[in-house]
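Single-structure report; data block below.
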Amino acid sequence: MSCTATRYGYRAAIRITYASGPWESVDRRPFDVVGVDAYRAAYNATTFWYELREHRGHGKPVAVTEFGTCAYRGAGERGGIAWQPPEGAVPDAGSPERAYVSAGHR
């Protein structure tokens, strides 16, 4: 579904994508790029990398459009719902770095 956009007097070929959340079932056929939200959390800690690789099964480039965690203790275990801190959350400026390292990036 690549198309050509004209703006400011020049043409640019653009690729079309839709970034989906893990709860969505999307027909990827009309898109050029598979866009996904990729949050590692307690519920998918052992399957995270497998789940991410599954998106390559469409035969298209994969763009991770959302990832990360919030800066409070335990946020890395909450994944995509970490934006809503639980009652009594304790600030922890080091938690994003620890979550990155614990996911296998050293």
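Every chain in the structure tokens has a letter given in the order shown (A, B, ...), and although residue numbers restart at 1 in each chain, ligands are simply numbered from 1 in the order shown.
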- [ ] as a list of chain:residue names, list the residues of range 10-97 of chain A assigned to strand (DSSP E or B) by DSSP on the backbone atoms of this structure.
- [x]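 Filtering range 10-97 of chain A to strand (DSSP E or B) leaves A:Tyr10, A:Arg11, A:Ala12, A:Ala13, A:Ile14, A:Thr17, A:Tyr18, A:Ala19, A:Ser20, A:Val33, A:Val34, A:Gly35, A:Val36, A:Asp37, A:Val62, A:Ala63, A:Val64, A:Thr65, A:Glu66, A:Tyr72, A:Pro91.
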Open item on the list: At a cut-off of 12 Å, using only C-alpha atoms, what residues contact Phe48 in chain A? Leave out same-chain residues fewer than 3 positions from it and give the result as a PyMOL selection string.
Closed with: chain A and resi 22+37-45+51-55+79+103-104
Task: Residue nearest Val33 in chain A - candidates A:Arg73, A:Arg15, A:Arg78, A:Arg56, atoms counted: only C-alpha atoms - done: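 Of the candidates, the smallest distance to Val33 in chain A is held by A:Arg15.
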Task: Residues within 12 Å of Trp23 in chain A, only C-alpha atoms, excluding chain neighbours under 2 positions, as a PyMOL selection string - done: chain A and resi 19-21+25-26+36-38+80
Residues from last step as file, C-alpha atoms, as a PDB file, in the first residue's frame:
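Contents of the output file again_2.pdb:
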```
ATOM      1  CA  ALA A  19       0.586   0.235  15.421  1.00  0.00           C
ATOM      2  CA  SER A  20      -1.497  -2.243  17.370  1.00  0.00           C
ATOM      3  CA  GLY A  21      -1.723  -3.106  21.015  1.00  0.00           C
ATOM      4  CA  SER A  25      -6.185  -8.643  16.093  1.00  0.00           C
ATOM      5  CA  VAL A  26      -5.266  -6.745  12.937  1.00  0.00           C
ATOM      6  CA  VAL A  36       3.447  -3.158  17.504  1.00  0.00           C
ATOM      7  CA  ASP A  37       3.496  -2.101  21.130  1.00  0.00           C
ATOM      8  CA  ALA A  38       6.065  -4.271  22.908  1.00  0.00           C
ATOM      9  CA  GLY A  80       1.869  -1.629  29.339  1.00  0.00           C
TER      10      GLY A  80
END
```
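Distance-wise, CA of Thr47 in chain A and CA of Asp92 in chain A end up 25.7 Å apart.
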